[in-house]
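Taking it in order: structure first as structure tokens, then the write-up.
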Amino acid sequence: MQLLRSRSSLLAILLVIIIVIMSMLNPSFLSINNLLGVTQFGAVLALIAIGQSLVIISGNGGIDLSVGSMVSLSGVFIGLAMSAGLNIWIAAFIGILGGLLLGMINAFVISIVNMPPFIATLGAMYLYGSLALVLTGGNPISGFPQEFSFIGQGLVAGIPSQIILIVIPVFLLICFLVYKTTFGRSIYLIGSNQTAARYANINVKKTRFIVFSLSGLMAGIASIIMTSWLMTARADAGFGMELEAITVAVLGGIHIFGGLGHLGGVMMAVLTITILSSGLQMANVNSIWQLAILGFVLIGAVFLNQFLNKDNSKK
Amino acid sequence: METEELLGLSNITKTFGGVTALEDVSLSVKKGEVLSVVGENGAGKSTLMKIIAGVIQPNKGELLINGERVAFHSAKDAAGKGISIVYQEPNLFSEQTVLENMYMGEEIKSKLGNIAWERMYKEASAALKMVDLSPDILNRHMEELSIGTQQLILIAKGIYKKSQLLILDEPTSILSQAESEKLFELIDQVKAKGVSILYISHRIPEILRISDDIVVLRDGKVTEYLDPKTASEGKIISAMSGREINLNIYRPRNYADKEPLIKVSHLGNKKLFQNISFHVKPGEILGVYGLIGSGRSEVARTIFGELPIEEGQIEFERNHLQHHQMNDAVKKGIYYVPEDRGTQGNFSSHSVKWNLSAVFLPLLSHRFGILNKSKERQVVQENIKKYSIKTHSQESLITSLSGGSQQKVLLTRWLVHQPKLLILDEPTRGIDMRTKTEIHELVLSLAEKGVSVILISSELPEVMRLSDNILVMHKGEKTGLLSRDEMTEEKILRLALGLAS
């Protein structure tokens with residue numbers, strides 16, 4: 001019971017249960033190759049969920065609804081740069097910078113102009129989304145060089161390259177930033193009590209600015225994986241991903257009002273959701289049901305966790 | 001006048017944690033009389049009021065209404081017995097209309113269960129007429145009206161609810177002269193109808209004018225009943241202030257011949273405070289006393305750089321502070337411990353360690369802002385030990401500590417740096433006696449080490465015990481600056497109440 005009280009271990013147990021059930025439905029599910037292969041589907045989600053989680057932890061209504069659109073628009077930047085004749089890796093770098101820039105625009109509107117994050121990023125979601133459509137004229141940009149597919153489709157030592165070359169290093173770097181530096185501590189403190197943080201001489205504006213910029217940076221990096229995977233830049237590539245990012249953040253134990261939750265839990269949640277949905281696909285479960293099961297897992301896990309912790313606090 | 005008793009209180013006692021707010025209070029309100037309750041900040045007036053209104057429950061004692069024993073579990077219970085209350089800072093829904101506000105949560109419904117707007121409108125118009133307000137305002141949003149008008153609306157609502165007892169908490173503090181006059185007329189009218197009024201105010205002239213009886217509270221006890229026909233201003237003040245204050249803990253220090261550390265001249269900020277001047281020398285403790293709303297905290301927050309310097313100037317170590325911001329203040333060694341632990345101090349979802357280290361994170365970082373966690377643990381441990389903060393461990397949640405220990409965390413975390421000017425805003429509010437004494441001792445020893453202290457407190461004994469000089473404020477203005485030889489409780493109170501000394 002004690003184990004179930006932490007969100008990460010609850011999710012780990014849930015993950016094992018999912019894997020056992022899936023392999024009973026389809027014996028080939030349990031092969032190492034399959035399990036490793038499946039993780040590639042979670043790479044984009046993992047990156048934007050990290051950004052989203054930091055935004056939510058920083059509190060004061062922190063949410064980033066524009067991450068999906070930022071993934072799409074950054075991908076379009078890559079496509080346009082490539083079409084303009086730039087080297088593909090330079091184009092990819094432009095995608096990262098583009099994401100960062102979009103995030104900084106959000107950051108400016110939220111932390112300097114003081115607009116509520118919900119409204120600012122909702123507006124940005126529409127703006128960035130339609131800018132992506134305008135820039136491409138609605139047509140996907142293709143013609144990427146073959147070597148670019150390595151990021152989204154290649155393997156390194158049997159592990160999908162986007163996981164080992166991008167997701168894991170980025171996750172470790174962000175964890176270092178969040179858990180080993182004063183800046184990381186500030187994110188949790190401003191999320192817990194912004195007024196108290198102010199009186200403790202913590203630079204609330206600066207911290208919030210960086211957090212929203214980071215969310216854009218993560219979307220920019222994610223757009224490289226997305227584009228390489230599809231080998232096209234599409235204006236709707238990231239459509240709807242903001243809600244998936246919020247879902248895994250909350251499932252991973254990030255407190256929706258800020259100040260609490262660990263990124264490790266979020267990674268567990270990404271893994272759980274990714275393995276669950278590809279397992280359901282392999283078992284030929286109708287995709288309509290897949291969303292319902294996702295909803296059930298989200299509510300069920302959070303409920304169980306709250307229920308057990310309530311019990312705990314009474315003792 | 002009828003002599004029948006409407007409300008009787010016998011031996012009411014209320015404690016919060018280890019702090020006694022009311023002790024053995026007995027009083028009686030007769031039908032159709034105005035009973036005024038006077039007392040300093042923290043004398044227990046608002047606790048008393050909340051008990052009568054059913055908002056909080058006493059630990060001991062009885063409430064009688066019309067001779068019948070009652071126990072209120074909520075404000076609704078009290079309202080059911082005809083008790084209504086108008087708070088000093090009323091809860092308003094500023095984006096709703098006046099009519100909606102008047103009936104919030106108690107809408108009149110028709111038989112079918114929908115809201116009977118027309119009937120409500122009619123009743124509300126009649127209620128507003130009593131305070132000379134036009135029914136036209138019923139459809140306007142609350143926020144469009146002046147605070148005084150809002151207050152009158154709530155009073156009208158309270159009266160119209162067919163109350164037996166109307167509690168008015170400092171109703172005139174935000175009313176203009178004309179509005180106050182209207183209120184007094186109204187009080188006379190409802191009195192004639194047999195409604196009793198419990199009147200709480202700091203304004204002694206109006207208390208003498210409208211009361212039938214005056215009861216004085218001091219340190220949570222009823223100290224005196226006064227008859228307004230014979231009582232004078234002086235008599236009320238001395239009844240409020242006649243307690244023993246042990247001044248022995250004060251230790252004289254040698255600060256007088258030093259240059260001031262900070263000089264504040266003609267500091268002002270729109271409506272918050274005006275023309276405030278004072279200086280503090282190294283090793284001096286300057287007490288700041290004033291009622292709530294006197295602008296005390298706002299002056300402190302300006303010195304800390306949390307509010308901008310709008311008028312006047314601040315000189316610190318002989319330098320004019322320009323574009324003064326919090327970060328500059330902290331760099332110069334000016335620290336401020338805010339008055340409200342819950343909303344301005346604690347990171348309530350985090351540990352004692354995180355709460356303590358929050359203000360000295362830069363000291364704990366290597367290059368690139370990397371946090372030295374072992375140093376953090378060590379510094380936090382030293383602080384806990386040095387100031388005997390009672391906590392199970394560094395990792396305990398801050399909210400698991402007693403109020404006193406929480407306050408110690410918030411205060412002593414600034415001492416890790418070398419403070420030059422420490423501003424303490426209500427440093428002992430709501431904490432137990434022992435910790436209070438410890439904090440007083442700490443303040444004195446800091447001053448002995450040459451730290452300048454500005455001590456803001458609503459508690460007169462605290463200010464008098466510790467301060468070398470006391471700055472008294474009233475409604476945003478400086479009404480006096482008293483040295484230790486000049487200060488008496490009566491003098492300070494008079495200045496804080498805005499009375500001529």
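Identifiers in the structure tokens: chain A, B, ... in order shown; residue index from 1 per chain; ligand index from 1 in order shown.
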Using only C-alpha atoms, find each residue of chain B with at least one atom at most 9 Å away from an atom of chain A; report its shortest atom-to-atom pair and that distance in Å (one decimal), sort the rows by chain and rising residue number, and return the result as a Markdown table.
```
| residue | atom | partner | partner_atom | distance |
| --- | --- | --- | --- | --- |
| B:Glu306 | CA | A:Tyr199 | CA | 8.0 |
| B:Met326 | CA | A:Asn201 | CA | 6.6 |
| B:Asn327 | CA | A:Asn201 | CA | 6.3 |
| B:Val330 | CA | A:Asn201 | CA | 7.5 |
| B:Tyr336 | CA | A:Tyr199 | CA | 7.7 |
| B:Val337 | CA | A:Tyr199 | CA | 7.9 |
| B:Pro338 | CA | A:Tyr199 | CA | 7.5 |
| B:Arg341 | CA | A:Ala196 | CA | 8.7 |
| B:Gly342 | CA | A:Ala196 | CA | 8.7 |
| B:Thr343 | CA | A:Ala196 | CA | 6.8 |
| B:Gln344 | CA | A:Ala196 | CA | 4.4 |
| B:Gly345 | CA | A:Ala196 | CA | 4.7 |
| B:Asn346 | CA | A:Ala196 | CA | 6.3 |
| B:Phe347 | CA | A:Asn193 | CA | 5.6 |
| B:Ser348 | CA | A:Ser192 | CA | 7.1 |
| B:Ser349 | CA | A:Ser192 | CA | 6.4 |
| B:His350 | CA | A:Ser192 | CA | 7.8 |
| B:Trp354 | CA | A:Leu189 | CA | 8.4 |
| B:Asn355 | CA | A:Leu189 | CA | 8.7 |
| B:Ala358 | CA | A:Ala200 | CA | 6.4 |
| B:Val359 | CA | A:Ala200 | CA | 5.0 |
| B:Phe360 | CA | A:Ala200 | CA | 8.6 |
| B:Leu361 | CA | A:Thr182 | CA | 6.2 |
| B:Pro362 | CA | A:Thr182 | CA | 7.3 |
| B:Leu364 | CA | A:Thr182 | CA | 8.3 |
| B:Ser365 | CA | A:Thr182 | CA | 6.9 |
| B:Phe368 | CA | A:Thr181 | CA | 8.0 |
| B:Gly369 | CA | A:Thr181 | CA | 5.3 |
| B:Ile370 | CA | A:Thr181 | CA | 4.2 |
| B:Leu371 | CA | A:Thr181 | CA | 4.7 |
| B:Asn372 | CA | A:Lys180 | CA | 8.1 |
| B:Lys373 | CA | A:Lys180 | CA | 8.1 |
```
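One finds atom CA of B:Tyr121 at 22.4 Å from atom CA of B:Leu166.
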Residue neighbourhood B:Lys270, 12 Å, only C-alpha atoms, exclusion window fewer than 4 positions, as a PyMOL selection string:
chain B and resi 274-275+295+298-299+307-312+476-477
According to DSSP computed on the backbone, where in stretch 218-368 of chain B is there alpha helix (DSSP H)? Give the residues as a VMD selection string.
chain B and resid 233 to 241 296 to 303 326 to 332 352 to 357
7 Å contact set for stretch 27-39 of chain B, only C-alpha atoms, chain neighbours under 6 positions out, as a PyMOL selection string:
chain B and resi 2-10+45+191-192+194-202+207+211-218+240
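Using only C-alpha atoms, the residues found no farther than 10 Å from B:Gly430, other than those of its own chain fewer than 6 positions away, are Phe16, Gly17, Gly18, Val19, Thr20, Ala21, Gly42, Gly403, Gly404, Gln407 and Lys436 of chain B.
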Do you know which residues are at most 12 Å from A:Gln162 counting only C-alpha atoms, after dropping those on the same chain fewer than 3 positions away, and could you put them as number ranges by chain?
A: 36-47, 148-156, 158-159, 165-170, 221-229
Please identify the strand (DSSP E) residues within stretch 140-212 of chain A (assignment by DSSP from backbone atoms) and present them as a ChimeraX atom specification.
/A:155-156,159-160
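For stretch 81-89 of chain A, the set of protein, DNA and RNA residues having any atom at most 9 Å away, when counting only C-alpha atoms and skipping those fewer than 2 positions along the same chain, is Val76, Phe77, Ile78, Gly79, Ala91, Ala92, Phe93, Ile94, Gly95, Ile141, Ser142, Gly143, Phe144, Pro145, Glu147 and Phe148 of chain A.
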Distance of atom CA of B:Lys353 from atom CA of B:Leu442, expressed in Å to one decimal place
21.1 Å
My list of candidates is A:Ala124, A:Met282, A:Leu251, A:Ala292. Which is closest to A:Arg7 when distances are computed with only C-alpha atoms?
A:Leu251
So which one's closest to A:Gly238, A:Val204, A:Ile163, A:Ala219, A:Ile56? Using only C-alpha atoms, please.
A:Ala219
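The shortest atom-to-atom distance to A:Ser215, with only C-alpha atoms taken into account, belongs to A:Gly51 out of A:Gly51, A:Gly59, A:Gly261, A:Gly68.
Atom CA of A:Ala283 sits 7.4 Å away from atom CA of A:Met22.
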